[in-house]
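With TSV, C-alpha atoms inside, this is final-v3.tsv:
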```tsv
chain	number	residue	atom	x	y	z
A	26	ASN	CA	0.00	0.00	0.00
A	27	ALA	CA	1.78	3.10	-1.22
A	28	GLY	CA	1.95	6.04	1.13
A	29	VAL	CA	0.88	9.60	0.48
A	30	MET	CA	2.57	10.90	-2.65
A	31	GLN	CA	3.38	14.47	-3.46
A	32	ASN	CA	4.89	16.03	-6.53
A	33	PRO	CA	6.93	17.81	-7.40
A	34	ARG	CA	9.30	17.44	-4.45
A	35	HIS	CA	10.98	20.71	-5.27
A	36	LEU	CA	9.50	23.62	-7.20
A	37	VAL	CA	11.13	26.90	-8.12
A	38	ARG	CA	9.00	29.76	-9.35
A	39	ARG	CA	9.67	33.38	-10.13
A	40	ARG	CA	7.57	36.04	-8.47
A	41	GLY	CA	4.23	36.36	-10.27
A	42	GLN	CA	4.15	32.82	-11.62
A	43	GLU	CA	1.73	30.10	-10.62
A	44	ALA	CA	2.60	27.07	-8.49
A	45	ARG	CA	0.66	23.81	-8.62
A	46	LEU	CA	1.27	21.22	-5.95
A	47	ARG	CA	-0.17	17.71	-6.23
A	48	CYS	CA	-1.09	15.20	-3.57
A	49	SER	CA	-2.27	11.62	-4.04
A	50	PRO	CA	-3.72	10.23	-0.81
A	51	MET	CA	-3.19	6.73	0.47
A	52	LYS	CA	-5.43	4.13	-1.11
A	53	GLY	CA	-8.80	4.11	0.57
A	54	HIS	CA	-8.40	7.54	2.14
A	55	SER	CA	-11.03	10.13	1.29
A	56	HIS	CA	-9.83	13.01	3.48
A	57	VAL	CA	-6.98	15.29	2.44
A	58	TYR	CA	-5.35	18.08	4.45
A	59	TRP	CA	-2.81	20.66	3.35
A	60	TYR	CA	-0.28	22.24	5.73
A	61	ARG	CA	2.44	24.80	5.33
A	62	GLN	CA	5.73	24.72	7.20
A	63	LEU	CA	8.25	27.54	7.33
A	64	PRO	CA	11.88	26.71	8.21
A	65	GLU	CA	12.33	25.91	11.89
A	66	GLU	CA	8.59	26.24	12.50
A	67	GLY	CA	5.60	24.00	13.05
A	68	LEU	CA	2.85	22.89	10.73
A	69	LYS	CA	0.10	25.35	9.95
A	70	PHE	CA	-3.25	24.01	8.78
A	71	MET	CA	-4.43	25.42	5.48
A	72	VAL	CA	-7.37	23.45	4.13
A	73	TYR	CA	-9.30	20.21	4.56
A	74	LEU	CA	-11.01	18.52	1.64
A	75	GLN	CA	-13.06	15.46	0.91
A	76	LYS	CA	-13.74	14.23	-2.59
A	77	GLU	CA	-15.16	17.17	-4.58
A	78	ASN	CA	-15.77	19.22	-1.43
A	79	ILE	CA	-13.87	21.82	0.57
A	80	ILE	CA	-14.79	21.23	4.20
A	81	ASP	CA	-12.62	23.80	5.97
A	82	GLU	CA	-10.43	26.42	4.30
A	83	SER	CA	-10.05	28.64	7.36
A	84	GLY	CA	-6.26	28.40	7.30
A	85	MET	CA	-5.82	29.32	3.67
A	86	PRO	CA	-5.28	32.91	2.54
A	87	LYS	CA	-8.33	34.27	0.75
A	88	GLU	CA	-6.30	35.69	-2.09
A	89	ARG	CA	-4.19	33.73	-4.57
A	90	PHE	CA	-4.60	30.32	-2.90
A	91	SER	CA	-7.08	27.62	-3.92
A	92	ALA	CA	-7.42	23.89	-3.44
A	93	GLU	CA	-9.38	21.09	-5.00
A	94	PHE	CA	-9.83	17.35	-4.65
A	95	PRO	CA	-11.65	16.13	-7.74
A	96	LYS	CA	-13.54	12.89	-8.07
A	97	GLU	CA	-10.69	11.50	-10.14
A	98	GLY	CA	-7.05	12.40	-9.72
A	99	PRO	CA	-4.93	14.03	-7.06
A	100	SER	CA	-5.69	16.93	-4.78
A	101	ILE	CA	-4.15	20.16	-6.03
A	102	LEU	CA	-3.03	23.21	-4.09
A	103	ARG	CA	-2.72	26.16	-6.43
A	104	ILE	CA	-0.90	29.39	-5.64
A	105	GLN	CA	-1.31	32.19	-8.15
A	106	GLN	CA	1.07	35.12	-8.56
A	107	VAL	CA	3.54	33.74	-6.06
A	108	VAL	CA	5.52	36.08	-3.80
A	109	ARG	CA	8.73	35.43	-1.86
A	110	GLY	CA	6.72	34.92	1.33
A	111	ASP	CA	5.12	31.84	-0.22
A	112	SER	CA	8.47	30.03	-0.04
A	113	ALA	CA	7.92	27.13	2.34
A	114	ALA	CA	7.42	23.38	2.53
A	115	TYR	CA	3.88	22.32	1.76
A	116	PHE	CA	2.72	18.99	3.14
A	117	CYS	CA	-0.44	17.10	2.49
A	118	ALA	CA	-1.84	14.41	4.73
A	119	SER	CA	-4.60	11.90	4.19
A	120	SER	CA	-6.82	10.00	6.54
A	121	GLN	CA	-9.78	7.68	6.65
A	122	LYS	CA	-10.46	7.88	10.38
A	123	ASP	CA	-8.37	9.59	13.07
A	124	GLU	CA	-4.81	9.00	11.92
A	125	GLN	CA	-3.34	11.43	9.42
A	126	TYR	CA	-0.45	10.23	7.28
A	127	PHE	CA	1.82	12.76	5.67
A	128	GLY	CA	3.49	12.90	2.32
A	129	PRO	CA	7.15	13.90	1.79
A	130	GLY	CA	6.23	17.49	1.00
A	131	THR	CA	6.85	19.97	-1.81
A	132	ARG	CA	9.49	22.57	-1.17
A	133	LEU	CA	8.53	25.76	-2.97
A	134	THR	CA	11.14	28.40	-3.57
A	135	VAL	CA	10.11	31.74	-5.02
A	136	THR	CA	12.93	33.73	-6.58
B	19	GLY	CA	-10.02	27.25	18.66
B	20	GLU	CA	-7.55	24.77	20.01
B	21	ASN	CA	-4.13	25.94	21.18
B	22	VAL	CA	-1.30	23.46	21.77
B	23	GLU	CA	1.87	24.45	23.60
B	24	GLN	CA	4.97	22.28	23.54
B	25	HIS	CA	8.13	22.28	25.67
B	26	PRO	CA	11.05	22.29	25.46
B	27	SER	CA	11.83	23.66	22.02
B	28	THR	CA	15.23	21.95	22.04
B	29	LEU	CA	16.48	18.97	24.01
B	30	SER	CA	19.89	17.34	24.11
B	31	VAL	CA	20.41	14.00	25.82
B	32	GLN	CA	23.20	11.48	26.00
B	33	GLU	CA	22.67	8.24	24.16
B	34	GLY	CA	20.93	5.78	26.47
B	35	ASP	CA	19.25	8.45	28.58
B	36	SER	CA	15.54	9.21	28.53
B	37	ALA	CA	13.86	12.16	26.82
B	38	VAL	CA	10.56	13.73	27.84
B	39	ILE	CA	8.53	16.22	25.80
B	40	LYS	CA	5.50	17.89	27.29
B	41	CYS	CA	2.42	19.47	25.71
B	42	THR	CA	-0.66	21.24	26.94
B	43	TYR	CA	-3.91	21.87	25.11
B	44	SER	CA	-6.79	24.25	25.65
B	45	ASP	CA	-9.92	22.66	24.16
B	46	SER	CA	-11.51	20.20	26.58
B	47	ALA	CA	-13.33	18.64	23.60
B	48	SER	CA	-10.03	17.33	22.18
B	49	ASN	CA	-9.89	13.58	22.48
B	50	TYR	CA	-7.18	12.40	20.09
B	51	PHE	CA	-3.48	13.17	20.58
B	52	PRO	CA	-0.96	12.01	17.97
B	53	TRP	CA	2.79	12.46	18.07
B	54	TYR	CA	4.88	12.92	14.94
B	55	LYS	CA	8.60	12.60	14.25
B	56	GLN	CA	10.05	14.69	11.44
B	57	GLU	CA	13.53	14.03	10.13
B	58	LEU	CA	15.37	16.62	8.12
B	59	GLY	CA	13.91	17.04	4.65
B	60	LYS	CA	11.07	14.59	5.22
B	61	GLY	CA	7.39	14.67	6.07
B	62	PRO	CA	6.13	14.10	9.62
B	63	GLN	CA	5.77	10.45	10.56
B	64	LEU	CA	3.11	9.30	13.00
B	65	ILE	CA	4.92	7.42	15.77
B	66	ILE	CA	2.28	6.97	18.45
B	67	ASP	CA	-1.11	8.32	19.43
B	68	ILE	CA	-3.43	8.23	22.40
B	69	ARG	CA	-7.13	8.70	22.84
B	70	SER	CA	-8.85	10.33	25.77
B	71	ASN	CA	-10.23	7.10	27.17
B	72	VAL	CA	-6.68	5.91	27.89
B	73	GLY	CA	-4.20	7.38	30.36
B	74	GLU	CA	-1.05	5.77	29.00
B	75	LYS	CA	0.13	3.90	25.95
B	76	LYS	CA	3.46	2.23	25.28
B	77	ASP	CA	5.17	0.99	22.15
B	78	GLN	CA	8.65	-0.41	22.74
B	79	ARG	CA	10.84	2.53	23.79
B	80	ILE	CA	8.13	5.13	23.32
B	81	ALA	CA	5.31	5.92	25.73
B	82	VAL	CA	2.69	8.63	25.93
B	83	THR	CA	0.74	9.76	28.96
B	84	LEU	CA	-2.41	11.85	29.06
B	85	ASN	CA	-3.92	13.83	31.93
B	86	LYS	CA	-7.30	15.06	30.76
B	87	THR	CA	-8.02	16.96	33.95
B	88	ALA	CA	-4.87	19.03	33.62
B	89	LYS	CA	-5.06	19.04	29.82
B	90	HIS	CA	-1.53	17.89	29.30
B	91	PHE	CA	0.16	14.97	27.62
B	92	SER	CA	3.75	13.82	27.32
B	93	LEU	CA	6.03	11.74	25.14
B	94	HIS	CA	8.67	9.60	26.82
B	95	ILE	CA	11.52	8.01	24.89
B	96	THR	CA	13.70	5.61	26.85
B	97	GLU	CA	17.16	4.30	25.97
B	98	THR	CA	17.59	6.99	23.34
B	99	GLN	CA	19.63	6.25	20.23
B	100	PRO	CA	21.23	8.63	17.70
B	101	GLU	CA	18.51	7.76	15.18
B	102	ASP	CA	15.96	9.25	17.56
B	103	SER	CA	17.41	12.67	16.72
B	104	ALA	CA	14.66	14.60	14.92
B	105	VAL	CA	11.95	17.20	15.50
B	106	TYR	CA	8.96	15.89	17.41
B	107	PHE	CA	5.50	17.44	17.20
B	108	CYS	CA	2.57	16.85	19.50
B	109	ALA	CA	-0.95	17.51	18.28
B	110	ALA	CA	-4.53	17.55	19.47
B	111	SER	CA	-7.85	17.14	17.74
B	112	THR	CA	-11.47	16.37	18.45
B	113	GLY	CA	-11.33	13.16	16.41
B	114	GLY	CA	-14.28	11.74	14.57
B	115	GLY	CA	-15.07	12.42	10.96
B	116	TYR	CA	-13.40	15.80	10.71
B	117	GLN	CA	-9.84	15.79	11.88
B	118	LYS	CA	-8.67	19.37	12.28
B	119	VAL	CA	-5.42	18.71	14.00
B	120	THR	CA	-3.63	21.50	15.86
B	121	PHE	CA	0.11	21.02	16.16
B	122	GLY	CA	2.56	22.12	18.80
B	123	THR	CA	5.59	24.14	17.80
B	124	GLY	CA	7.97	21.20	17.86
B	125	THR	CA	10.90	19.93	19.92
B	126	LYS	CA	14.27	19.43	18.32
B	127	LEU	CA	15.79	16.38	19.99
B	128	GLN	CA	19.50	15.72	19.70
B	129	VAL	CA	20.86	12.44	20.98
B	130	ILE	CA	24.59	12.70	21.60
B	131	PRO	CA	26.51	9.46	20.97
```

Starting from the coordinates I provided, produce the structure as structure tokens.
Amino acid sequence: NAGVMQNPRHLVRRRGQEARLRCSPMKGHSHVYWYRQLPEEGLKFMVYLQKENIIDESGMPKERFSAEFPKEGPSILRIQQVVRGDSAAYFCASSQKDEQYFGPGTRLTVT
Amino acid sequence: GENVEQHPSTLSVQEGDSAVIKCTYSDSASNYFPWYKQELGKGPQLIIDIRSNVGEKKDQRIAVTLNKTAKHFSLHITETQPEDSAVYFCAASTGGGYQKVTFGTGTKLQVIP
């Protein structure tokens, strides 16, 4: 049973470009969570999704950020018009019940 | 919302000694408390968890304790080894169908050979 997969592992974007981060949950998991982690800091909740539904996006900035988890395919976190402050590691986690399992993360660098 | 505090932020121990990390939470409705280990450049890995109907849980060299009255829980690692060196995060959530997990700020554990 493959774990949570994320791609790309590293992403470099210039200011103003768009970043698309993908997350494939563990098989059988229908809940996906996105977190952001700055260097030397903890994990900050961004958004929680179930298939085709956003359940809680209270941790996600209202501007430039969006997330989806379509019926088919991976969950996608999209950041438009990236700025230097968006540079961070973005982790997704999936769950079926209580336990959340994390992917290896995407490290976004904005130059 | 939930607020989780974690101490210490850094911890150095000699190999073979024990390490203890403590967390407190604010929401009395929280009933699920996972602990994660994050190695450099990797995603957090769930190492142990405890639910509110249990006061203590042990898995080999790792144990967690929970005091619901005081709203605090702890991670104990015995006979530490260099490979235990990592950042450890505690977390709290209300469990059930929607798992909004609130994380502590992390403890950087260094085990000195």

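Close to (7.8, 6.0, 25.5), meaning no more than 12 Å away when counting only C-alpha atoms, sit the residues B:Ser36, B:Ala37, B:Val38, B:Ile39, B:Trp53, B:Ile65, B:Ile66, B:Asp67, B:Ile68, B:Glu74, B:Lys75, B:Lys76, B:Asp77, B:Gln78, B:Arg79, B:Ile80, B:Ala81, B:Val82, B:Thr83, B:Phe91, B:Ser92, B:Leu93, B:His94, B:Ile95, B:Thr96, B:Glu97, B:Thr98, B:Asp102.
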
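The residue that comes closest to A:Glu65, out of A:Ile104, A:Ala27, A:Leu46, A:Ala113 and on the basis of only C-alpha atoms, is A:Ala113.
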
Just the residues within 8 Å of stretch 73-76 of chain A, please, counting all atoms listed in the file, with nothing from its chain fewer than 6 positions along; format it as a JSON list (two decimals) with C-alpha atoms, in the coordinates of the input.
```
[["chain", "number", "residue", "atom", "x", "y", "z"],
["A", 55, "SER", "CA", -11.03, 10.13, 1.29],
["A", 56, "HIS", "CA", -9.83, 13.01, 3.48],
["A", 57, "VAL", "CA", -6.98, 15.29, 2.44],
["A", 58, "TYR", "CA", -5.35, 18.08, 4.45],
["A", 59, "TRP", "CA", -2.81, 20.66, 3.35],
["A", 82, "GLU", "CA", -10.43, 26.42, 4.30],
["A", 93, "GLU", "CA", -9.38, 21.09, -5.00],
["A", 94, "PHE", "CA", -9.83, 17.35, -4.65],
["A", 95, "PRO", "CA", -11.65, 16.13, -7.74],
["A", 96, "LYS", "CA", -13.54, 12.89, -8.07],
["B", 118, "LYS", "CA", -8.67, 19.37, 12.28]]
```

So that I can check the surroundings of B:Phe121, please list as a PDB file with C-alpha atoms, in the coordinates of the input every protein, DNA and RNA residue that reaches within 12 Å of it, counting all atoms listed in the file and ignoring chain neighbours fewer than 6 positions away.
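Okay, selection08.pdb is ready:
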```pdb
ATOM      1  CA  TYR A  60      -0.280  22.240   5.730  1.00  0.00           C
ATOM      2  CA  ARG A  61       2.440  24.800   5.330  1.00  0.00           C
ATOM      3  CA  GLN A  62       5.730  24.720   7.200  1.00  0.00           C
ATOM      4  CA  GLU A  66       8.590  26.240  12.500  1.00  0.00           C
ATOM      5  CA  GLY A  67       5.600  24.000  13.050  1.00  0.00           C
ATOM      6  CA  LEU A  68       2.850  22.890  10.730  1.00  0.00           C
ATOM      7  CA  LYS A  69       0.100  25.350   9.950  1.00  0.00           C
ATOM      8  CA  PHE A  70      -3.250  24.010   8.780  1.00  0.00           C
TER       9      PHE A  70
ATOM     10  CA  GLU B  20      -7.550  24.770  20.010  1.00  0.00           C
ATOM     11  CA  ASN B  21      -4.130  25.940  21.180  1.00  0.00           C
ATOM     12  CA  VAL B  22      -1.300  23.460  21.770  1.00  0.00           C
ATOM     13  CA  GLU B  23       1.870  24.450  23.600  1.00  0.00           C
ATOM     14  CA  GLN B  24       4.970  22.280  23.540  1.00  0.00           C
ATOM     15  CA  CYS B  41       2.420  19.470  25.710  1.00  0.00           C
ATOM     16  CA  THR B  42      -0.660  21.240  26.940  1.00  0.00           C
ATOM     17  CA  TYR B  43      -3.910  21.870  25.110  1.00  0.00           C
ATOM     18  CA  TYR B  50      -7.180  12.400  20.090  1.00  0.00           C
ATOM     19  CA  PHE B  51      -3.480  13.170  20.580  1.00  0.00           C
ATOM     20  CA  PRO B  52      -0.960  12.010  17.970  1.00  0.00           C
ATOM     21  CA  TRP B  53       2.790  12.460  18.070  1.00  0.00           C
ATOM     22  CA  TYR B  54       4.880  12.920  14.940  1.00  0.00           C
ATOM     23  CA  PRO B  62       6.130  14.100   9.620  1.00  0.00           C
ATOM     24  CA  TYR B 106       8.960  15.890  17.410  1.00  0.00           C
ATOM     25  CA  PHE B 107       5.500  17.440  17.200  1.00  0.00           C
ATOM     26  CA  CYS B 108       2.570  16.850  19.500  1.00  0.00           C
ATOM     27  CA  ALA B 109      -0.950  17.510  18.280  1.00  0.00           C
ATOM     28  CA  ALA B 110      -4.530  17.550  19.470  1.00  0.00           C
ATOM     29  CA  SER B 111      -7.850  17.140  17.740  1.00  0.00           C
TER      30      SER B 111
END
```

Could you tell me which of A:Gly41, A:Pro99, A:Gly53, A:Pro64 comes closest to chain B if we count only C-alpha atoms?
->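 Among the listed residues, A:Pro64 lies closest to chain B.
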
Please report as a Markdown table every residue of chain A lying within 6 Å of chain B, along with the nearest atom pair and their distance in Å (one decimal), using only C-alpha atoms.
```
| residue | atom | partner | partner_atom | distance |
| --- | --- | --- | --- | --- |
| A:Gly67 | CA | B:Thr123 | CA | 4.8 |
| A:Asp123 | CA | B:Gly113 | CA | 5.7 |
| A:Phe127 | CA | B:Gly61 | CA | 5.9 |
| A:Gly128 | CA | B:Gly61 | CA | 5.7 |
| A:Pro129 | CA | B:Gly61 | CA | 4.4 |
| A:Gly130 | CA | B:Gly61 | CA | 5.9 |
```

So which residues fall inside 10 Å of (-8.3, 4.2, -0.3) if we count all atoms listed in the file? Mind giving them as an MDAnalysis selection string?
-> chainID A and resid 26 50:56 119:121

In Å, how far is it from atom CA of A:Tyr115 to atom CA of A:Thr131?
->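 So the answer is 5.2 Å.
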
Export stretch 46-108 of chain B from the structure block above, keeping C-alpha atoms, as a compact mmCIF listing (two decimals), in the first residue's frame.
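Final output, saved to out.txt:
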```
# COMPACT_ATOMS: atom_id res chain seq x y z
CA SER B 46 -11.51 20.20 26.58
CA ALA B 47 -13.33 18.64 23.60
CA SER B 48 -10.03 17.33 22.18
CA ASN B 49 -9.89 13.58 22.48
CA TYR B 50 -7.18 12.40 20.09
CA PHE B 51 -3.48 13.17 20.58
CA PRO B 52 -0.96 12.01 17.97
CA TRP B 53 2.79 12.46 18.07
CA TYR B 54 4.88 12.92 14.94
CA LYS B 55 8.60 12.60 14.25
CA GLN B 56 10.05 14.69 11.44
CA GLU B 57 13.53 14.03 10.13
CA LEU B 58 15.37 16.62 8.12
CA GLY B 59 13.91 17.04 4.65
CA LYS B 60 11.07 14.59 5.22
CA GLY B 61 7.39 14.67 6.07
CA PRO B 62 6.13 14.10 9.62
CA GLN B 63 5.77 10.45 10.56
CA LEU B 64 3.11 9.30 13.00
CA ILE B 65 4.92 7.42 15.77
CA ILE B 66 2.28 6.97 18.45
CA ASP B 67 -1.11 8.32 19.43
CA ILE B 68 -3.43 8.23 22.40
CA ARG B 69 -7.13 8.70 22.84
CA SER B 70 -8.85 10.33 25.77
CA ASN B 71 -10.23 7.10 27.17
CA VAL B 72 -6.68 5.91 27.89
CA GLY B 73 -4.20 7.38 30.36
CA GLU B 74 -1.05 5.77 29.00
CA LYS B 75 0.13 3.90 25.95
CA LYS B 76 3.46 2.23 25.28
CA ASP B 77 5.17 0.99 22.15
CA GLN B 78 8.65 -0.41 22.74
CA ARG B 79 10.84 2.53 23.79
CA ILE B 80 8.13 5.13 23.32
CA ALA B 81 5.31 5.92 25.73
CA VAL B 82 2.69 8.63 25.93
CA THR B 83 0.74 9.76 28.96
CA LEU B 84 -2.41 11.85 29.06
CA ASN B 85 -3.92 13.83 31.93
CA LYS B 86 -7.30 15.06 30.76
CA THR B 87 -8.02 16.96 33.95
CA ALA B 88 -4.87 19.03 33.62
CA LYS B 89 -5.06 19.04 29.82
CA HIS B 90 -1.53 17.89 29.30
CA PHE B 91 0.16 14.97 27.62
CA SER B 92 3.75 13.82 27.32
CA LEU B 93 6.03 11.74 25.14
CA HIS B 94 8.67 9.60 26.82
CA ILE B 95 11.52 8.01 24.89
CA THR B 96 13.70 5.61 26.85
CA GLU B 97 17.16 4.30 25.97
CA THR B 98 17.59 6.99 23.34
CA GLN B 99 19.63 6.25 20.23
CA PRO B 100 21.23 8.63 17.70
CA GLU B 101 18.51 7.76 15.18
CA ASP B 102 15.96 9.25 17.56
CA SER B 103 17.41 12.67 16.72
CA ALA B 104 14.66 14.60 14.92
CA VAL B 105 11.95 17.20 15.50
CA TYR B 106 8.96 15.89 17.41
CA PHE B 107 5.50 17.44 17.20
CA CYS B 108 2.57 16.85 19.50
```
